[in-house]
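Participant: Input structure: work_28.pdb, which contains PDB, C-alpha atoms.
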ATOM      1  CA  MET A   1      86.336 103.188 120.823
ATOM      2  CA  GLU A   2      83.782 103.627 123.592
ATOM      3  CA  PRO A   3      80.632 105.565 122.618
ATOM      4  CA  THR A   4      81.276 108.388 125.111
ATOM      5  CA  LEU A   5      84.840 108.851 123.899
ATOM      6  CA  LYS A   6      83.710 108.742 120.268
ATOM      7  CA  SER A   7      81.031 111.383 120.915
ATOM      8  CA  GLU A   8      83.601 113.574 122.662
ATOM      9  CA  LEU A   9      85.973 113.142 119.713
ATOM     10  CA  TYR A  10      83.294 114.373 117.302
ATOM     11  CA  ASP A  11      82.411 117.297 119.597
ATOM     12  CA  SER A  12      86.079 118.323 119.669
ATOM     13  CA  LEU A  13      86.429 117.820 115.917
ATOM     14  CA  LEU A  14      83.373 119.993 115.283
ATOM     15  CA  ARG A  15      84.761 122.811 117.440
ATOM     16  CA  GLN A  16      88.080 122.611 115.572
ATOM     17  CA  LEU A  17      86.297 122.666 112.230
ATOM     18  CA  GLN A  18      84.200 125.691 113.184
ATOM     19  CA  ALA A  19      87.363 127.571 114.119
ATOM     20  CA  LEU A  20      89.137 126.442 110.952
ATOM     21  CA  LEU A  21      86.291 127.557 108.670
ATOM     22  CA  GLU A  22      85.610 130.835 110.468
ATOM     23  CA  ASP A  23      85.884 133.845 108.153
ATOM     24  CA  GLU A  24      86.289 131.684 105.030
ATOM     25  CA  SER A  25      83.465 130.957 102.599
ATOM     26  CA  ASP A  26      85.268 129.455  99.599
ATOM     27  CA  PHE A  27      84.086 125.930  98.848
ATOM     28  CA  ILE A  28      87.430 124.544  97.706
ATOM     29  CA  ALA A  29      89.462 126.038 100.549
ATOM     30  CA  ASN A  30      86.979 124.811 103.147
ATOM     31  CA  ALA A  31      86.610 121.384 101.523
ATOM     32  CA  ALA A  32      90.392 120.916 101.487
ATOM     33  CA  ASN A  33      90.749 121.866 105.143
ATOM     34  CA  THR A  34      87.711 119.814 106.182
ATOM     35  CA  ALA A  35      89.052 116.700 104.464
ATOM     36  CA  ALA A  36      92.495 117.157 106.022
ATOM     37  CA  LEU A  37      91.126 117.752 109.521
ATOM     38  CA  VAL A  38      88.782 114.758 109.464
ATOM     39  CA  TYR A  39      91.406 112.477 107.897
ATOM     40  CA  HIS A  40      93.943 113.245 110.599
ATOM     41  CA  ALA A  41      91.481 113.331 113.518
ATOM     42  CA  LEU A  42      89.473 110.139 113.055
ATOM     43  CA  PRO A  43      91.093 106.813 113.876
ATOM     44  CA  GLU A  44      90.965 103.933 111.397
ATOM     45  CA  VAL A  45      90.148 106.124 108.392
ATOM     46  CA  ASN A  46      92.026 105.673 105.119
ATOM     47  CA  TRP A  47      90.260 108.183 102.858
ATOM     48  CA  VAL A  48      88.229 111.380 103.384
ATOM     49  CA  GLY A  49      87.064 113.585 100.582
ATOM     50  CA  PHE A  50      84.488 115.348  98.526
ATOM     51  CA  TYR A  51      82.841 114.481  95.250
ATOM     52  CA  LEU A  52      81.216 117.463  93.520
ATOM     53  CA  CYS A  53      78.024 117.275  91.500
ATOM     54  CA  ARG A  54      78.617 118.069  87.828
ATOM     55  CA  GLY A  55      75.548 117.287  85.739
ATOM     56  CA  GLU A  56      74.871 113.561  85.999
ATOM     57  CA  GLN A  57      78.225 112.808  87.622
ATOM     58  CA  LEU A  58      80.153 113.315  90.818
ATOM     59  CA  VAL A  59      83.651 114.624  90.140
ATOM     60  CA  LEU A  60      86.528 114.174  92.564
ATOM     61  CA  GLY A  61      87.186 117.208  94.754
ATOM     62  CA  PRO A  62      89.557 117.894  97.646
ATOM     63  CA  PHE A  63      90.533 114.758  99.561
ATOM     64  CA  GLN A  64      93.106 113.053 101.768
ATOM     65  CA  GLY A  65      94.266 109.501 101.105
ATOM     66  CA  LYS A  66      95.279 107.446  98.083
ATOM     67  CA  PRO A  67      94.362 108.608  94.576
ATOM     68  CA  ALA A  68      90.676 108.013  93.928
ATOM     69  CA  CYS A  69      88.085 107.519  91.209
ATOM     70  CA  ARG A  70      87.794 110.743  89.261
ATOM     71  CA  ARG A  71      84.150 110.461  88.225
ATOM     72  CA  ILE A  72      81.155 108.560  89.574
ATOM     73  CA  GLU A  73      77.796 108.433  87.819
ATOM     74  CA  LEU A  74      74.848 109.610  89.925
ATOM     75  CA  GLY A  75      73.070 106.535  91.253
ATOM     76  CA  LYS A  76      76.201 104.351  91.017
ATOM     77  CA  GLY A  77      78.205 103.048  93.962
ATOM     78  CA  VAL A  78      77.787 104.301  97.515
ATOM     79  CA  CYS A  79      78.556 107.939  96.657
ATOM     80  CA  GLY A  80      76.255 108.108  93.651
ATOM     81  CA  THR A  81      73.453 106.354  95.532
ATOM     82  CA  ALA A  82      73.709 108.680  98.550
ATOM     83  CA  ALA A  83      73.686 111.663  96.182
ATOM     84  CA  VAL A  84      70.526 110.551  94.356
ATOM     85  CA  ARG A  85      68.727 109.582  97.567
ATOM     86  CA  LYS A  86      69.968 112.738  99.339
ATOM     87  CA  THR A  87      70.408 110.660 102.459
ATOM     88  CA  THR A  88      73.398 109.385 104.397
ATOM     89  CA  ILE A  89      74.484 105.829 103.673
ATOM     90  CA  VAL A  90      76.548 103.780 106.119
ATOM     91  CA  VAL A  91      78.019 100.577 104.676
ATOM     92  CA  PRO A  92      79.540  98.083 107.156
ATOM     93  CA  ASP A  93      81.123  96.003 104.351
ATOM     94  CA  VAL A  94      81.450  97.639 100.947
ATOM     95  CA  ARG A  95      81.757  94.218  99.308
ATOM     96  CA  ASP A  96      78.111  93.639 100.229
ATOM     97  CA  PHE A  97      76.908  96.898  98.623
ATOM     98  CA  PRO A  98      75.480  96.201  95.158
ATOM     99  CA  GLY A  99      77.460  98.090  92.538
ATOM    100  CA  HIS A 100      80.166  99.273  94.932
ATOM    101  CA  ILE A 101      82.974 101.055  93.091
ATOM    102  CA  ALA A 102      86.332  99.936  94.469
ATOM    103  CA  CYS A 103      88.552 103.006  94.151
ATOM    104  CA  ASP A 104      90.821 101.665  96.902
ATOM    105  CA  PRO A 105      90.781  97.890  97.398
ATOM    106  CA  ASP A 106      91.859  98.423 101.035
ATOM    107  CA  SER A 107      88.584 100.173 101.908
ATOM    108  CA  ARG A 108      86.122  97.866 103.637
ATOM    109  CA  SER A 109      83.523 100.211 105.175
ATOM    110  CA  GLU A 110      82.218 103.615 104.201
ATOM    111  CA  ILE A 111      79.956 106.487 105.176
ATOM    112  CA  VAL A 112      78.708 108.999 102.619
ATOM    113  CA  VAL A 113      76.805 112.192 103.498
ATOM    114  CA  PRO A 114      75.122 114.175 100.714
ATOM    115  CA  LEU A 115      75.825 117.904 100.656
ATOM    116  CA  VAL A 116      72.556 119.720 100.049
ATOM    117  CA  HIS A 117      72.698 123.516 100.220
ATOM    118  CA  GLN A 118      69.584 125.649  99.717
ATOM    119  CA  GLY A 119      67.859 122.649  98.148
ATOM    120  CA  CYS A 120      70.657 121.961  95.643
ATOM    121  CA  LEU A 121      72.825 118.858  95.679
ATOM    122  CA  LEU A 122      76.430 120.092  95.660
ATOM    123  CA  GLY A 123      78.068 116.695  96.119
ATOM    124  CA  VAL A 124      78.950 114.280  98.896
ATOM    125  CA  LEU A 125      81.380 113.924 101.780
ATOM    126  CA  ASP A 126      82.861 110.417 101.677
ATOM    127  CA  VAL A 127      84.768 108.724 104.526
ATOM    128  CA  ASP A 128      86.323 105.271 104.081
ATOM    129  CA  SER A 129      87.999 102.801 106.409
ATOM    130  CA  ALA A 130      90.062  99.661 105.921
ATOM    131  CA  SER A 131      88.223  98.196 108.947
ATOM    132  CA  LEU A 132      84.958  96.300 108.609
ATOM    133  CA  ALA A 133      81.944  97.961 110.256
ATOM    134  CA  ARG A 134      84.033 100.992 111.268
ATOM    135  CA  PHE A 135      81.088 103.403 111.194
ATOM    136  CA  ASP A 136      78.069 103.364 113.518
ATOM    137  CA  ALA A 137      75.223 105.700 114.517
ATOM    138  CA  ILE A 138      77.617 107.937 116.468
ATOM    139  CA  ASP A 139      79.821 108.291 113.394
ATOM    140  CA  GLN A 140      76.773 109.044 111.274
ATOM    141  CA  ARG A 141      75.690 111.862 113.593
ATOM    142  CA  GLY A 142      79.284 113.129 113.769
ATOM    143  CA  VAL A 143      79.976 113.116 110.028
ATOM    144  CA  GLU A 144      76.558 114.658 109.326
ATOM    145  CA  ALA A 145      77.401 117.429 111.830
ATOM    146  CA  ILE A 146      80.732 117.975 110.065
ATOM    147  CA  ALA A 147      78.950 118.220 106.707
ATOM    148  CA  ALA A 148      76.402 120.663 108.172
ATOM    149  CA  CYS A 149      79.180 122.823 109.624
ATOM    150  CA  PHE A 150      80.942 122.813 106.258
ATOM    151  CA  LEU A 151      77.715 123.884 104.498
ATOM    152  CA  ASP A 152      77.012 126.575 107.120
ATOM    153  CA  HIS A 153      80.240 128.311 106.103
ATOM    154  CA  LEU A 154      79.514 128.152 102.408
ATOM    155  CA  THR A 155      78.518 131.184 100.396
ATOM    156  CA  GLN A 156      80.246 130.264  97.128
ATOM    157  CA  ASN A 157      79.208 127.157  95.213
ATOM    158  CA  PRO A 158      81.932 124.997  93.722
TER     159      PRO A 158
END
Rewrite the structure from the file as structure tokens, please.
Facilitator:
Amino acid sequence: MEPTLKSELYDSLLRQLQALLEDESDFIANAANTAALVYHALPEVNWVGFYLCRGEQLVLGPFQGKPACRRIELGKGVCGTAAVRKTTIVVPDVRDFPGHIACDPDSRSEIVVPLVHQGCLLGVLDVDSASLARFDAIDQRGVEAIAACFLDHLTQNP
């Protein structure tokens, strides 16, 4: 997809998400709708979901796609590493990521954005694709904006 079209897609997706989350502050309800919206709006995506921080683990939350790993240790795999670093990780080929956890063998690339609210790590937003190198800098900005919008509507922790 051309960069301009991709940027426009994320702008449209963000407007839709803002409208969808308006007047709702519940984490689970908003996470479920966010995952569904992103899953159905982004091309070449095979999994979108949340992992929630529970002690030293990330526990599976609302998602769209095939069944997934239920628990991920902090610091393990792409999700656990992004959570510990509190920074977005974009992986062009998950097979090249040391310690990658293969929940879905069809997934080949991934982007994970940590969810930090008022200084606390709540979890991560994880987006996977069966295509190699599916995610670029435009996707990173777009998914980070989606995560920020989600957090802006949050008043109840999971």
Participant: Name the residues captured by the PyMOL selection byres ((chain A and resi 125-131) around 7) when it is applied to the shown file; answer as a list in words.
Facilitator: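 On the file shown, the PyMOL selection byres ((chain A and resi 125-131) around 7) covers Glu44, Val45, Asn46, Trp47, Val48, Gly49, Phe50, Tyr51, Asp106, Ser107, Arg108, Ser109, Glu110, Ile111, Val112, Val113, Pro114, Leu115, Val124, Leu132, Ala133, Arg134 and Ala147 of chain A.
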Participant: Applied to the shown file, which residues does the PyMOL selection byres ((chain A and resi 31) around 9) return, written as a PyMOL selection string?
Facilitator: chain A and resi 26-30+32-36+49-50+61-63+150
Participant: Using all atoms listed in the file, which of A:Gln118, A:Leu14, A:Leu21, A:Cys53 sits nearest Ala82 in chain A?
Facilitator: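 Smallest distance to Ala82 in chain A is found for A:Cys53.
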Participant: Box time for range 14-22 of chain A: axis-aligned, enclosing all its listed atoms, 8 Å extra on each side; report centre and edge lengths in Å to one decimal, as JSON.
Facilitator:
{"center_x": 86.3, "center_y": 125.4, "center_z": 113.1, "size_x": 21.8, "size_y": 26.8, "size_z": 24.8}
Participant: Considering all atoms listed in the file, can you say which of A:Ala102, A:Met1, A:Leu42, A:Leu121 comes closest to Ala68 in chain A?
Facilitator: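 Going through A:Ala102, A:Met1, A:Leu42, A:Leu121 one by one, the smallest distance to Ala68 in chain A is for A:Ala102.
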Participant: Check the smallest atom-to-atom distance from each of A:Gln140, A:Asp93, A:Gly123, A:Ala41 to Glu73 in chain A using only C-alpha atoms, then report the winner.
Facilitator: A:Gly123
Participant: What is the CA of Cys149 in chain A to CA of Thr88 in chain A distance in Å?
Facilitator: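 Between CA of Cys149 in chain A and CA of Thr88 in chain A the gap works out to 15.5 Å.
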Participant: Could you expand the PyMOL selection byres ((chain A and resi 6) around 12) into the explicit residues it covers here, written as a list in words?
Facilitator: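 So the PyMOL selection byres ((chain A and resi 6) around 12), applied here, picks out Met1, Glu2, Pro3, Thr4, Leu5, Ser7, Glu8, Leu9, Tyr10, Asp11, Ser12, Leu13, Ala41, Leu42, Pro43, Arg134, Phe135, Asp136, Ala137, Ile138, Asp139, Gln140, Arg141, Gly142 and Val143 of chain A.
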Participant: Pick out the closest residue to Lys86 in chain A from this set: A:Ala145, A:Cys69, A:Glu24, A:Val116. Count all atoms listed in the file.
Facilitator: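 Closest candidate: A:Val116.
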Participant: Neighbouring residues of Leu52 in chain A were defined as those with any atom within 6 Å, considering only C-alpha atoms; residues of the same chain fewer than 3 positions away were excluded. Please report them as a VMD selection string.
Facilitator: chain A and resid 58 to 59 122 to 123
Participant: Hey, which of A:Arg70, A:Gly99, A:Asp104, A:Ile146 ends up closest to Leu37 in chain A? Count only C-alpha atoms.
Facilitator: A:Ile146
Participant: Kindly give the distance, in Å, that separates CA of Gln18 in chain A and CA of His153 in chain A, rounded to a single decimal.
Facilitator: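 Straight-line distance from CA of Gln18 in chain A to CA of His153 in chain A works out to 8.5 Å.
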Participant: What gap, in Å, lies between CA of Ser25 in chain A and CA of Tyr39 in chain A?
Facilitator: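 CA of Tyr39 in chain A lies 20.8 Å from CA of Ser25 in chain A.
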Participant: Given all atoms listed in the file as the basis, pick out the residue of A:Ala19, A:Gly119, A:Val90, A:Pro98 nearest to Gly75 in chain A.
Facilitator: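 Nearest candidate to Gly75 in chain A out of A:Ala19, A:Gly119, A:Val90, A:Pro98: A:Pro98.
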